[in-house]
Structures are given as structure tokens and as C-alpha cells.
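Coordinates as given in target30.cif (mmCIF, C-alpha atoms and all ligand atoms):
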data_model
#
loop_
_atom_site.label_atom_id
_atom_site.label_comp_id
_atom_site.auth_asym_id
_atom_site.auth_seq_id
_atom_site.Cartn_x
_atom_site.Cartn_y
_atom_site.Cartn_z
CA MET C 1 -80.97 122.83 -9.88
CA THR C 2 -78.00 123.95 -11.93
CA ASN C 3 -75.05 125.37 -10.18
CA PRO C 4 -74.49 128.83 -11.61
CA ALA C 5 -70.74 128.31 -11.17
CA ASN C 6 -70.87 125.72 -13.97
CA ASP C 7 -72.09 128.29 -16.46
CA LYS C 8 -68.76 130.00 -16.19
CA THR C 9 -66.81 126.96 -17.23
CA GLY C 10 -67.44 127.81 -20.88
CA GLY C 11 -66.47 125.27 -23.52
CA LEU C 12 -68.45 123.93 -26.42
CA TRP C 13 -71.61 123.12 -24.49
CA ALA C 14 -71.94 126.35 -22.52
CA ARG C 15 -74.76 128.54 -23.75
CA PRO C 16 -73.07 130.98 -26.13
CA LYS C 17 -73.72 134.72 -25.96
CA GLN C 18 -74.76 134.96 -29.58
CA LYS C 19 -77.59 132.65 -30.58
CA TRP C 20 -76.07 131.66 -33.91
CA LEU C 21 -73.09 130.13 -32.13
CA LEU C 22 -75.48 127.42 -30.92
CA GLY C 23 -75.29 126.18 -34.49
CA ILE C 24 -71.79 124.84 -34.00
CA PRO C 25 -72.50 122.11 -31.46
CA LEU C 26 -75.90 121.53 -33.04
CA GLY C 27 -74.35 121.13 -36.49
CA ALA C 28 -71.74 118.78 -35.08
CA LEU C 29 -74.48 116.75 -33.44
CA ILE C 30 -76.48 116.49 -36.67
CA ALA C 31 -73.37 115.60 -38.68
CA PHE C 32 -72.51 112.94 -36.13
CA GLY C 33 -76.06 111.59 -36.24
CA LEU C 34 -76.08 111.41 -40.03
CA GLY C 35 -72.61 109.85 -40.01
CA ALA C 36 -73.73 107.23 -37.53
CA ILE C 37 -76.81 106.42 -39.61
CA ALA C 38 -74.71 106.13 -42.76
CA LEU C 39 -72.13 103.96 -41.02
CA GLY C 40 -74.86 101.90 -39.37
CA THR C 41 -76.50 101.32 -42.75
CA THR C 42 -73.17 100.42 -44.33
CA ASN C 43 -72.37 98.02 -41.51
CA TYR C 44 -75.86 96.55 -41.75
CA VAL C 45 -75.41 96.00 -45.48
CA LEU C 46 -71.92 94.59 -44.89
CA HIS C 47 -73.27 92.22 -42.29
CA GLU C 48 -76.25 91.08 -44.36
CA THR C 49 -74.03 90.47 -47.37
CA SER C 50 -71.64 88.31 -45.31
CA THR C 51 -74.12 85.57 -44.48
CA THR C 52 -73.98 82.17 -46.10
CA ASP C 53 -77.63 82.69 -47.16
CA PHE C 54 -76.58 85.74 -49.12
CA CYS C 55 -73.89 83.75 -50.94
CA TYR C 56 -76.48 81.01 -51.52
CA ALA C 57 -78.62 83.57 -53.34
CA CYS C 58 -76.28 82.88 -56.25
CA HIS C 59 -74.13 79.99 -55.07
CA SER C 60 -76.83 77.69 -53.69
CA HIS C 61 -76.51 75.34 -56.63
CA GLU C 62 -78.21 72.34 -55.10
CA ASN C 63 -76.04 70.01 -57.19
CA PHE C 64 -72.61 71.31 -56.37
CA ILE C 65 -71.50 74.05 -53.94
CA LYS C 66 -74.19 73.44 -51.32
CA PRO C 67 -73.98 69.62 -50.93
CA GLU C 68 -70.17 69.72 -51.06
CA TYR C 69 -70.00 72.39 -48.36
CA GLU C 70 -72.64 70.74 -46.18
CA ALA C 71 -70.80 67.41 -46.31
CA SER C 72 -67.52 69.02 -45.25
CA SER C 73 -65.95 69.10 -41.81
CA HIS C 74 -66.22 72.88 -41.82
CA PHE C 75 -70.03 72.66 -41.85
CA ASN C 76 -70.33 69.92 -39.27
CA ASN C 77 -67.67 68.80 -36.80
CA LEU C 78 -66.97 67.53 -33.30
CA ALA C 79 -66.32 71.00 -31.97
CA GLY C 80 -69.60 72.43 -33.27
CA VAL C 81 -67.87 75.40 -34.87
CA ARG C 82 -69.11 76.22 -38.36
CA ALA C 83 -67.10 78.15 -40.92
CA GLY C 84 -69.44 80.14 -43.14
CA CYS C 85 -68.56 81.11 -46.72
CA ALA C 86 -67.49 84.56 -45.56
CA ASP C 87 -65.10 83.14 -42.92
CA CYS C 88 -62.93 81.70 -45.67
CA HIS C 89 -63.60 84.16 -48.47
CA LEU C 90 -63.90 87.64 -47.03
CA PRO C 91 -61.38 89.76 -45.09
CA HIS C 92 -62.21 90.42 -41.43
CA ASP C 93 -59.27 92.40 -40.17
CA ASN C 94 -59.65 95.43 -42.39
CA TRP C 95 -62.89 97.33 -42.89
CA PHE C 96 -61.70 99.09 -46.05
CA GLU C 97 -60.52 95.85 -47.63
CA LEU C 98 -63.91 94.31 -46.79
CA VAL C 99 -65.80 97.19 -48.43
CA TRP C 100 -63.49 97.05 -51.45
CA THR C 101 -63.91 93.27 -51.78
CA LYS C 102 -67.68 93.68 -51.61
CA MET C 103 -67.63 96.27 -54.35
CA VAL C 104 -65.56 94.00 -56.58
CA VAL C 105 -67.73 90.97 -55.72
CA SER C 106 -70.90 92.96 -56.53
CA LEU C 107 -69.74 92.99 -60.14
CA ASP C 108 -70.36 89.21 -60.14
CA ILE C 109 -74.01 90.11 -60.69
CA ILE C 110 -73.07 90.51 -64.39
CA PRO C 111 -71.73 86.97 -65.05
CA GLU C 112 -74.49 85.67 -62.75
CA LEU C 113 -77.21 87.23 -64.91
CA ALA C 114 -75.39 86.00 -67.98
CA GLY C 115 -75.76 82.49 -66.53
CA LYS C 116 -72.04 81.82 -66.32
CA LEU C 117 -72.41 79.20 -63.56
CA ASP C 118 -76.03 78.19 -63.81
CA THR C 119 -75.54 74.49 -64.54
CA ALA C 120 -73.26 71.84 -63.05
CA GLU C 121 -71.53 71.48 -66.43
CA LYS C 122 -70.77 75.20 -66.65
CA TYR C 123 -69.57 75.19 -63.05
CA GLU C 124 -67.15 72.32 -63.74
CA GLU C 125 -65.92 74.13 -66.82
CA HIS C 126 -64.90 77.09 -64.65
CA ARG C 127 -64.06 75.32 -61.39
CA ALA C 128 -60.32 74.99 -62.01
CA GLU C 129 -59.82 78.62 -63.01
CA MET C 130 -61.88 79.87 -60.04
CA ALA C 131 -60.09 77.55 -57.59
CA GLU C 132 -56.73 78.72 -58.96
CA SER C 133 -57.74 82.31 -58.42
CA VAL C 134 -58.70 81.53 -54.79
CA TRP C 135 -55.44 79.63 -54.19
CA ARG C 136 -53.47 82.51 -55.64
CA GLN C 137 -55.20 84.84 -53.20
CA PHE C 138 -54.37 82.49 -50.30
CA LYS C 139 -50.72 82.28 -51.41
CA GLU C 140 -50.58 86.07 -51.53
CA ASN C 141 -52.14 86.59 -48.10
CA ASP C 142 -50.53 83.54 -46.43
CA SER C 143 -53.94 81.88 -45.92
CA LYS C 144 -54.93 84.60 -43.51
CA PHE C 145 -58.61 83.61 -43.65
CA CYS C 146 -57.71 80.13 -42.34
CA ARG C 147 -55.62 81.75 -39.64
CA SER C 148 -58.55 83.71 -38.28
CA CYS C 149 -59.56 80.37 -36.70
CA HIS C 150 -56.47 78.14 -36.85
CA SER C 151 -52.99 78.94 -35.71
CA ILE C 152 -50.00 76.66 -35.69
CA ASP C 153 -48.94 78.17 -32.36
CA ALA C 154 -52.20 77.00 -30.84
CA MET C 155 -51.94 73.45 -32.20
CA ASN C 156 -51.09 70.63 -29.87
CA LEU C 157 -48.31 69.32 -32.10
CA ASP C 158 -47.56 66.48 -29.66
CA ALA C 159 -51.01 65.07 -30.30
CA GLN C 160 -50.50 65.09 -34.06
CA GLU C 161 -48.73 62.37 -36.01
CA ARG C 162 -44.97 62.98 -35.97
CA ARG C 163 -44.84 63.70 -39.67
CA THR C 164 -47.77 66.09 -39.52
CA ALA C 165 -46.33 67.93 -36.51
CA ARG C 166 -43.04 68.31 -38.35
CA GLN C 167 -44.75 69.63 -41.47
CA HIS C 168 -46.67 72.18 -39.40
CA SER C 169 -43.70 73.36 -37.38
CA GLN C 170 -41.52 73.76 -40.50
CA ALA C 171 -44.17 75.25 -42.78
CA ALA C 172 -43.37 78.89 -42.09
CA ASP C 173 -39.61 78.42 -42.58
CA LYS C 174 -40.17 76.63 -45.87
CA GLY C 175 -42.49 79.34 -47.15
CA GLU C 176 -45.45 76.95 -47.17
CA THR C 177 -48.94 78.07 -46.39
CA CYS C 178 -52.07 76.13 -45.39
CA ILE C 179 -53.47 75.65 -48.88
CA ASP C 180 -50.16 74.22 -50.15
CA CYS C 181 -51.21 71.06 -48.32
CA HIS C 182 -54.92 71.53 -47.54
CA TYR C 183 -57.04 72.13 -50.58
CA GLY C 184 -60.35 70.71 -51.67
CA ILE C 185 -61.40 70.55 -48.03
CA VAL C 186 -64.81 72.17 -48.59
CA HIS C 187 -65.26 72.01 -52.35
CA ARG C 188 -64.44 69.13 -54.62
CA GLU C 189 -60.94 69.42 -56.06
CA PRO C 190 -60.93 70.55 -59.65
CA GLU C 191 -59.23 68.32 -62.16
CA GLY C 192 -55.47 68.78 -62.15
CA ALA C 193 -55.50 70.40 -58.68
CA SER C 194 -52.07 69.15 -57.63
CA GLU C 195 -50.48 70.41 -60.88
CA ILE C 196 -52.00 73.86 -60.39
CA ILE C 197 -50.80 73.97 -56.76
CA GLU C 198 -47.30 72.92 -57.84
CA ARG C 199 -47.23 75.61 -60.50
CA LEU C 200 -48.27 78.24 -57.95
CA GLN C 201 -45.63 76.99 -55.50
CA GLU C 202 -42.94 77.43 -58.13
CA GLU C 203 -44.21 80.83 -59.11
CA PHE C 204 -44.29 82.05 -55.52
CA SER C 205 -40.92 80.58 -54.53
CA VAL C 206 -39.33 82.42 -57.47
CA ASP C 207 -40.91 85.64 -56.20
CA ASP C 208 -39.38 85.07 -52.76
CA THR C 209 -35.81 85.08 -54.04
CA ASP C 210 -36.16 88.47 -55.75
C1 LIG O 1 -74.89 88.12 -57.55
C2 LIG O 1 -74.61 86.70 -57.46
C3 LIG O 1 -73.48 86.30 -56.52
C4 LIG O 1 -73.43 86.47 -55.17
C5 LIG O 1 -74.47 87.08 -54.26
C6 LIG O 1 -72.18 85.87 -54.73
N1 LIG O 1 -71.49 85.37 -55.81
FE1 LIG O 1 -69.65 84.50 -55.79
N2 LIG O 1 -69.64 84.41 -57.83
C7 LIG O 1 -70.71 84.72 -58.64
C8 LIG O 1 -70.33 84.48 -60.04
C9 LIG O 1 -71.23 84.67 -61.26
C10 LIG O 1 -68.97 84.05 -60.02
C11 LIG O 1 -68.07 83.74 -61.22
C12 LIG O 1 -67.39 85.05 -61.54
C13 LIG O 1 -66.39 84.95 -62.64
O1 LIG O 1 -65.55 84.06 -62.57
O2 LIG O 1 -66.47 85.79 -63.54
C14 LIG O 1 -68.58 84.00 -58.61
C15 LIG O 1 -67.33 83.60 -58.17
C16 LIG O 1 -67.00 83.39 -56.83
C17 LIG O 1 -65.72 82.87 -56.37
C18 LIG O 1 -64.52 82.49 -57.23
C19 LIG O 1 -63.76 83.80 -57.35
C20 LIG O 1 -62.61 83.79 -58.30
O3 LIG O 1 -61.61 84.46 -57.93
O4 LIG O 1 -62.69 83.21 -59.40
C21 LIG O 1 -65.78 82.83 -54.99
C22 LIG O 1 -64.69 82.36 -54.04
C23 LIG O 1 -67.10 83.33 -54.61
N3 LIG O 1 -67.79 83.66 -55.75
C24 LIG O 1 -67.53 83.42 -53.31
C25 LIG O 1 -68.69 84.08 -52.92
C26 LIG O 1 -69.05 84.33 -51.55
C27 LIG O 1 -68.22 83.92 -50.34
C28 LIG O 1 -70.25 85.00 -51.56
C29 LIG O 1 -71.02 85.52 -50.36
C30 LIG O 1 -70.31 86.49 -49.51
C31 LIG O 1 -70.63 85.18 -52.95
N4 LIG O 1 -69.65 84.60 -53.74
C32 LIG O 1 -71.78 85.81 -53.41
C33 LIG O 1 -71.94 85.19 -58.23
C34 LIG O 1 -72.25 85.61 -56.93
C1 LIG O 2 -64.56 79.66 -38.74
C2 LIG O 2 -63.35 78.96 -38.32
C3 LIG O 2 -62.55 78.20 -39.34
C4 LIG O 2 -61.96 78.67 -40.50
C5 LIG O 2 -62.05 80.07 -41.09
C6 LIG O 2 -61.22 77.56 -41.05
N1 LIG O 2 -61.35 76.46 -40.24
FE1 LIG O 2 -60.48 74.64 -40.53
N2 LIG O 2 -61.56 73.86 -39.01
C7 LIG O 2 -62.36 74.59 -38.16
C8 LIG O 2 -63.01 73.67 -37.25
C9 LIG O 2 -63.96 74.06 -36.13
C10 LIG O 2 -62.57 72.36 -37.58
C11 LIG O 2 -62.95 71.04 -36.94
C12 LIG O 2 -62.19 70.83 -35.69
C13 LIG O 2 -62.43 69.43 -35.19
O1 LIG O 2 -63.53 69.14 -34.76
O2 LIG O 2 -61.47 68.67 -35.27
C14 LIG O 2 -61.64 72.52 -38.68
C15 LIG O 2 -60.95 71.47 -39.28
C16 LIG O 2 -59.93 71.62 -40.19
C17 LIG O 2 -59.07 70.57 -40.69
C18 LIG O 2 -59.12 69.08 -40.28
C19 LIG O 2 -60.33 68.42 -40.84
C20 LIG O 2 -60.28 68.25 -42.34
O3 LIG O 2 -61.31 68.55 -42.99
O4 LIG O 2 -59.26 67.81 -42.88
C21 LIG O 2 -58.21 71.14 -41.59
C22 LIG O 2 -57.12 70.44 -42.37
C23 LIG O 2 -58.54 72.55 -41.66
N3 LIG O 2 -59.58 72.80 -40.80
C24 LIG O 2 -57.91 73.47 -42.47
C25 LIG O 2 -58.42 74.76 -42.73
C26 LIG O 2 -57.94 75.58 -43.82
C27 LIG O 2 -56.87 75.22 -44.79
C28 LIG O 2 -58.68 76.75 -43.76
C29 LIG O 2 -58.62 77.92 -44.72
C30 LIG O 2 -58.94 77.60 -46.12
C31 LIG O 2 -59.59 76.64 -42.63
N4 LIG O 2 -59.41 75.42 -42.06
C32 LIG O 2 -60.47 77.63 -42.21
C33 LIG O 2 -62.55 75.96 -38.17
C34 LIG O 2 -62.16 76.81 -39.20
C1 LIG O 3 -46.44 70.97 -45.56
C2 LIG O 3 -47.83 70.57 -45.50
C3 LIG O 3 -48.76 71.24 -44.50
C4 LIG O 3 -48.93 72.59 -44.29
C5 LIG O 3 -48.20 73.76 -44.93
C6 LIG O 3 -50.04 72.70 -43.35
N1 LIG O 3 -50.49 71.45 -43.00
FE1 LIG O 3 -52.04 71.00 -41.78
N2 LIG O 3 -51.72 69.01 -42.01
C7 LIG O 3 -50.79 68.46 -42.85
C8 LIG O 3 -50.93 67.01 -42.81
C9 LIG O 3 -50.09 66.01 -43.64
C10 LIG O 3 -51.97 66.71 -41.91
C11 LIG O 3 -52.51 65.32 -41.51
C12 LIG O 3 -53.48 64.80 -42.54
C13 LIG O 3 -54.71 65.65 -42.66
O1 LIG O 3 -55.49 65.74 -41.69
O2 LIG O 3 -54.91 66.26 -43.72
C14 LIG O 3 -52.45 67.99 -41.42
C15 LIG O 3 -53.48 68.15 -40.52
C16 LIG O 3 -54.07 69.35 -40.16
C17 LIG O 3 -55.20 69.51 -39.30
C18 LIG O 3 -55.93 68.40 -38.59
C19 LIG O 3 -55.14 68.08 -37.35
C20 LIG O 3 -55.65 66.83 -36.65
O3 LIG O 3 -54.79 66.11 -36.19
O4 LIG O 3 -56.86 66.64 -36.60
C21 LIG O 3 -55.50 70.84 -39.25
C22 LIG O 3 -56.60 71.50 -38.46
C23 LIG O 3 -54.52 71.52 -40.08
N3 LIG O 3 -53.65 70.60 -40.61
C24 LIG O 3 -54.51 72.87 -40.29
C25 LIG O 3 -53.51 73.55 -40.98
C26 LIG O 3 -53.47 74.99 -41.13
C27 LIG O 3 -54.52 75.94 -40.59
C28 LIG O 3 -52.35 75.28 -41.83
C29 LIG O 3 -51.81 76.68 -42.17
C30 LIG O 3 -51.56 77.53 -41.01
C31 LIG O 3 -51.70 74.02 -42.16
N4 LIG O 3 -52.42 72.99 -41.60
C32 LIG O 3 -50.53 73.90 -42.89
C33 LIG O 3 -49.88 69.15 -43.62
C34 LIG O 3 -49.74 70.52 -43.68
C1 LIG O 4 -62.98 76.31 -44.75
C2 LIG O 4 -62.89 77.36 -45.75
C3 LIG O 4 -63.96 77.50 -46.83
C4 LIG O 4 -65.32 77.59 -46.69
C5 LIG O 4 -66.14 77.45 -45.41
C6 LIG O 4 -65.86 77.85 -48.00
N1 LIG O 4 -64.84 77.88 -48.93
FE1 LIG O 4 -65.04 78.28 -50.92
N2 LIG O 4 -63.06 77.84 -51.19
C7 LIG O 4 -62.15 77.59 -50.20
C8 LIG O 4 -60.87 77.23 -50.80
C9 LIG O 4 -59.59 76.88 -50.06
C10 LIG O 4 -61.06 77.27 -52.20
C11 LIG O 4 -60.03 76.94 -53.31
C12 LIG O 4 -60.37 75.61 -53.95
C13 LIG O 4 -60.29 74.44 -52.99
O1 LIG O 4 -59.26 74.25 -52.33
O2 LIG O 4 -61.28 73.68 -52.90
C14 LIG O 4 -62.45 77.65 -52.40
C15 LIG O 4 -63.05 77.80 -53.66
C16 LIG O 4 -64.31 78.35 -53.87
C17 LIG O 4 -64.88 78.65 -55.19
C18 LIG O 4 -64.17 78.45 -56.52
C19 LIG O 4 -64.67 77.20 -57.23
C20 LIG O 4 -64.38 75.88 -56.56
O3 LIG O 4 -65.33 75.06 -56.47
O4 LIG O 4 -63.25 75.62 -56.13
C21 LIG O 4 -66.14 79.16 -54.97
C22 LIG O 4 -67.13 79.64 -56.00
C23 LIG O 4 -66.36 79.15 -53.52
N3 LIG O 4 -65.23 78.65 -52.90
C24 LIG O 4 -67.51 79.59 -52.90
C25 LIG O 4 -67.85 79.27 -51.57
C26 LIG O 4 -69.17 79.42 -51.00
C27 LIG O 4 -70.38 80.00 -51.72
C28 LIG O 4 -69.11 78.95 -49.71
C29 LIG O 4 -70.23 78.80 -48.70
C30 LIG O 4 -71.35 77.95 -49.12
C31 LIG O 4 -67.72 78.54 -49.47
N4 LIG O 4 -67.00 78.74 -50.62
C32 LIG O 4 -67.22 78.04 -48.28
C33 LIG O 4 -62.39 77.65 -48.83
C34 LIG O 4 -63.66 77.67 -48.25
#

Could you write out this structure as C-alpha cells?
Ligand code: HEC
Ligand code: HEC
Ligand code: HEC
Ligand code: HEC
Amino acid sequence: MTNPANDKTGGLWARPKQKWLLGIPLGALIAFGLGAIALGTTNYVLHETSTTDFCYACHSHENFIKPEYEASSHFNNLAGVRAGCADCHLPHDNWFELVWTKMVVSLDIIPELAGKLDTAEKYEEHRAEMAESVWRQFKENDSKFCRSCHSIDAMNLDAQERRTARQHSQAADKGETCIDCHYGIVHREPEGASEIIERLQEEFSVDDTD
């Protein structure tokens, strides 16, 4: 069956002369197996904690988040493409950033248990500050979560209204990002949204001239 000539080729998988040497490839195999299981489990956990149902575990809130989201064009649209919570709120291009974000987000269990957002009134009380924090993140990362689906390069600008096409084609040069113009598309705008956006625009344009 086996060609004795192959035994002479040596290498890691050749039967070693001393029995204990077998431990090296065997150990590597076991380490690889354990690593794969650990990674598989991590990826399983990462996947399970990226579903909209997982976010609903805390953010179902029948009176606010859920009905607002389900009425939005990102839940239901002509193209039949649905953006889940994670598509707009979690990084996809960097595994370490995803794991880090999850660890930070896990800490939300504390305010959740404290009932920080458990009624519509409490949610409204905090909506503006939470929205601002999300907008700030989108200003910092140039709305990269939106860009995982949309790209201005891929837009048929000719089919858009002239003004809209101009705004899209000039956005990058003017340092504008998607949420400068598109906010409150999934969630209801908090009170004073346009003032907050303006304030962030000023803050970030000052940063650019440094
Ligand atoms: C354990 C309960 C829990 C789960 C699960 C959860 N959240 Fe939250 N989330 C909270 C609480 C509580 C807050 C308010 C935290 C605060 O402002 O201190 C919050 C805040 C937020 C905010 C506003 C963040 C900010 O910067 O102010 C976003 C966006 C968000 N969650 C999205 C998500 C998404 C997307 C998921 C699913 C991947 C998710 N959450 C899963 C409890 C949870
Ligand atoms: C998972 C993919 C996905 C992500 C992520 C996504 N979108 Fe969309 N978006 C869509 C689809 C699909 C449509 C509907 C297309 C249609 O049928 O016209 C849409 C529609 C829109 C529209 C036009 C309809 C409306 O509601 O005004 C705007 C504006 C828009 N998206 C902006 C954004 C912005 C801003 C972000 C980031 C906060 C974003 N999108 C993130 C897929 C996505
Ligand atoms: C300077 C303002 C501005 C910026 C920045 C901007 N848009 Fe728009 N966009 C508009 C206007 C105005 C419209 C037309 C009205 C509407 O649908 O909201 C529009 C429309 C759209 C539409 C619907 C197109 C259609 O005709 O159905 C999508 C999708 C969209 N924008 C996505 C984006 C994304 C993604 C970004 C970031 C890469 C972005 N926009 C950046 C102003 C802007
Ligand atoms: C198309 C992208 C998109 C999707 C899908 C989306 N969000 Fe958001 N989310 C945003 C943006 C942008 C903001 C900043 C405020 C705004 O513009 O409405 C935001 C704000 C929030 C906030 C801060 C409070 C508020 O009401 O503004 C929470 C909490 C949140 N999202 C949770 C969720 C959860 C949970 C889901 C899924 C059920 C979800 N989001 C789906 C884009 C999205």
C-alpha cells in the first residue's frame, strides 16, 4: 500500500525514530483543535449576539424602538433588503473591533437591569443623548456602517433629482457624511435633532483644520 520511498521524505508527519517526538505533531493537532473550538464558540456567540432578536431582548420596547424600526424603509422596501440593527450599529470589517464593541455593549446589562430605558418616558428622556452619541460615532467613522450597503460611487446620480445628485457628488469634498443629511431614518428624531447635528458639524469641521 504505502510506497516505502515516501518514508524517507521525512518532515513533520514522518514517523519519528523516538516515540516521544510523535508528541510534536500530536500536540500541534490538539492545540489547533482546541483553538478551532474556542474560535468557533466565539464566532457562534458573536453571530448570535448580532441578530435583531438579540437586540430586541432589551430593545424590543413595543411602544418605541420596534414599531419605529418596523415602519421604516430599512425594514421593508421595494428591493426586499432588510438592514438589521447590527448592520447599522456594529462593525463588520474588523473582528477585533467587533469583539471590543461587544464587550463594551455587554456592560449595558447594568443600566438595563437598573431600568434606565424601561418606559417610553425614560426612553424619550435619554433619546437625544443616545442619538447624539450614535451621530458622533458616525461622524468619526464617516458613516462606515451605511457604506457597507450604500456607496455614492454605485449610485445612479443621473436618476436622482439634480440637487440631490449634486449634494451626493460634493459630499466628500465638503467633509459631509451620510448622517449630516440623513438622520431619523429608522428611529424618530429626538427633539432638537437639527441643532445637535449642526453643533457636531461645527465641532468636526474645526477638527479638520487642525
Ligand atoms: C442587556 C440589554 C441590552 C442588549 C442585549 C442590547 N442593548 Fe443596546 N442598550 C441597552 C441600554 C440599557 C442602553 C442605554 C445605555 C446607556 O446609555 O447607559 C443601550 C444603548 C444602546 C444604544 C445607544 C448607544 C449610545 O451610544 O448611547 C444603541 C445604538 C444600542 N443600544 C444598540 C444595540 C444593538 C444594535 C443591540 C444588539 C446588537 C443592543 N443594543 C443590545 C441595553 C441593551
Ligand atoms: C443592510 C444594508 C443597508 C444599510 C446598512 C443601510 N441601508 Fe439605507 N437602504 C438600504 C435599502 C435596501 C434601501 C431601500 C432601497 C429602495 O428600495 O429604494 C435603503 C434606503 C435608504 C434611503 C432612502 C429611503 C429613505 O428612508 O429615505 C436612505 C436615505 C438611506 N437608505 C440611507 C442610509 C443611511 C444614512 C444608512 C446608515 C445610517 C443606511 N442607509 C444604512 C440598505 C441599507
Ligand atoms: C449634503 C446632504 C447629503 C449627504 C451628505 C448625503 N445625502 Fe443622500 N440624499 C440627500 C437628499 C437631499 C436626498 C433626497 C431626499 C431624500 O430622499 O432624503 C438624498 C437621497 C438619498 C437616497 C435615496 C435616493 C433615491 O433617489 O431614492 C439614498 C439611498 C441616500 N441619499 C443615501 C446616502 C448615503 C448612503 C450617504 C452617505 C454616503 C448620503 N446619502 C449622503 C442629501 C444627502
Ligand atoms: C439603517 C440604519 C439603522 C438601523 C437598521 C437601526 N438603527 Fe439604530 N440608529 C441609527 C442612527 C443613524 C441613529 C442615530 C439617531 C437617528 O438618526 O435616528 C440610531 C440610534 C439608535 C439608538 C439611540 C436612541 C434613538 O432612538 O435615537 C438606539 C438605542 C438604537 N439606534 C438601537 C437600534 C436597534 C435596537 C435597532 C434594531 C431594532 C436599530 N437601532 C436599527 C441607525 C440605524

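Each of C:Thr52, C:His61, C:Gly115, C:Lys174 was checked against Arg82 (chain C) using all atoms listed in the file; the smallest atom-to-atom distance is that of C:Thr52.
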
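The nearest approach to ligand LIG 4 (chain O) among the residues C:Val206, C:Ala57, C:Ile110, C:Cys88, with all atoms listed in the file taken into account, belongs to C:Cys88.
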
With a cut-off of 8 Å, could you pull out the residues of chain C touching ligand LIG 4 (chain O) and give me the nearest pair of atoms for each, distance in Å to one decimal, using all atoms listed in the file, ordered by chain and ascending number, as a Markdown table?
| residue | atom | partner | partner_atom | distance |
| --- | --- | --- | --- | --- |
| C:Thr52 | CA | O:LIG4 | C29 | 5.7 |
| C:Cys55 | CA | O:LIG4 | C27 | 5.2 |
| C:Tyr56 | CA | O:LIG4 | C27 | 6.2 |
| C:Cys58 | CA | O:LIG4 | C27 | 8.0 |
| C:His59 | CA | O:LIG4 | C27 | 5.0 |
| C:Ser60 | CA | O:LIG4 | C27 | 7.1 |
| C:Ile65 | CA | O:LIG4 | C30 | 6.2 |
| C:Lys66 | CA | O:LIG4 | C30 | 5.8 |
| C:Tyr69 | CA | O:LIG4 | C30 | 5.8 |
| C:Glu70 | CA | O:LIG4 | C30 | 7.9 |
| C:His74 | CA | O:LIG4 | C1 | 5.6 |
| C:Phe75 | CA | O:LIG4 | C5 | 7.1 |
| C:Arg82 | CA | O:LIG4 | C5 | 7.7 |
| C:Ala83 | CA | O:LIG4 | C5 | 4.6 |
| C:Gly84 | CA | O:LIG4 | C5 | 4.8 |
| C:Cys85 | CA | O:LIG4 | C29 | 3.5 |
| C:Ala86 | CA | O:LIG4 | C32 | 7.1 |
| C:Asp87 | CA | O:LIG4 | C5 | 6.3 |
| C:Cys88 | CA | O:LIG4 | C2 | 4.3 |
| C:His89 | CA | O:LIG4 | N1 | 6.4 |
| C:Tyr123 | CA | O:LIG4 | O3 | 7.8 |
| C:Glu124 | CA | O:LIG4 | O3 | 8.0 |
| C:His126 | CA | O:LIG4 | C19 | 7.4 |
| C:Arg127 | CA | O:LIG4 | C19 | 4.6 |
| C:Ala128 | CA | O:LIG4 | O4 | 6.6 |
| C:Glu129 | CA | O:LIG4 | C19 | 7.7 |
| C:Met130 | CA | O:LIG4 | C18 | 4.4 |
| C:Ala131 | CA | O:LIG4 | O4 | 4.0 |
| C:Glu132 | CA | O:LIG4 | C11 | 6.8 |
| C:Ser133 | CA | O:LIG4 | C18 | 7.7 |
| C:Val134 | CA | O:LIG4 | C11 | 5.0 |
| C:Trp135 | CA | O:LIG4 | C11 | 5.4 |
| C:Phe138 | CA | O:LIG4 | C9 | 7.7 |
| C:Phe145 | CA | O:LIG4 | C2 | 7.9 |
| C:Cys146 | CA | O:LIG4 | C2 | 6.8 |
| C:Ile179 | CA | O:LIG4 | C9 | 6.4 |
| C:His182 | CA | O:LIG4 | O1 | 7.0 |
| C:Tyr183 | CA | O:LIG4 | O1 | 3.5 |
| C:Gly184 | CA | O:LIG4 | O2 | 3.3 |
| C:Ile185 | CA | O:LIG4 | O2 | 5.8 |
| C:Val186 | CA | O:LIG4 | C34 | 5.6 |
| C:His187 | CA | O:LIG4 | O2 | 4.4 |
| C:Arg188 | CA | O:LIG4 | O2 | 5.8 |
| C:Glu189 | CA | O:LIG4 | O2 | 5.3 |
| C:Pro190 | CA | O:LIG4 | O4 | 6.6 |

Exercise. List all protein, DNA and RNA residues that have at least one atom no more than 10 Å from any atom of ligand LIG 3 (chain O), counting all atoms listed in the file, and write them as a PyMOL selection string.
Key: chain C and resi 142-153+155-172+174-183+185

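One distance worth recording is that between atom C15 of ligand LIG 1 (chain O) and CA of Asp93 (chain C), which is 21.6 Å.
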
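The two atoms in question, atom C3 of ligand LIG 2 (chain O) and CA of Leu117 (chain C), are spaced 26.2 Å apart.
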
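Nearest-residue note for Glu140 (chain C): choosing from C:Leu200, C:Ala154, C:Met103, C:Val81, the minimum distance belongs to C:Leu200, counting all atoms listed in the file.
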
Quiz item: How many Å lie between CA of Leu98 (chain C) and CA of Arg199 (chain C), rounded to one decimal?
Solution: 28.6 Å

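Nearest residue to ligand LIG 1 (chain O) among C:Val104, C:Ala38, C:Ile197, C:Ala79 is C:Val104, counting all atoms listed in the file.
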
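The nearest approach to ligand LIG 2 (chain O) among the residues C:Ile30, C:Ile24, C:Ile37, C:Leu78, with all atoms listed in the file taken into account, belongs to C:Leu78.
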
Around all of ligand LIG 2 (chain O)'s listed atoms, make the axis-aligned box with 8 Å on each side and tell me centre and edge lengths in Å to one decimal, as JSON.
{"center_x": -60.7, "center_y": 73.9, "center_z": -40.4, "size_x": 23.7, "size_y": 28.3, "size_z": 27.4}

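If all atoms listed in the file are the atoms counted, then among C:Glu112, C:Glu62, C:Glu48, C:Asp118 the closest residue to ligand LIG 1 (chain O) is C:Glu112.
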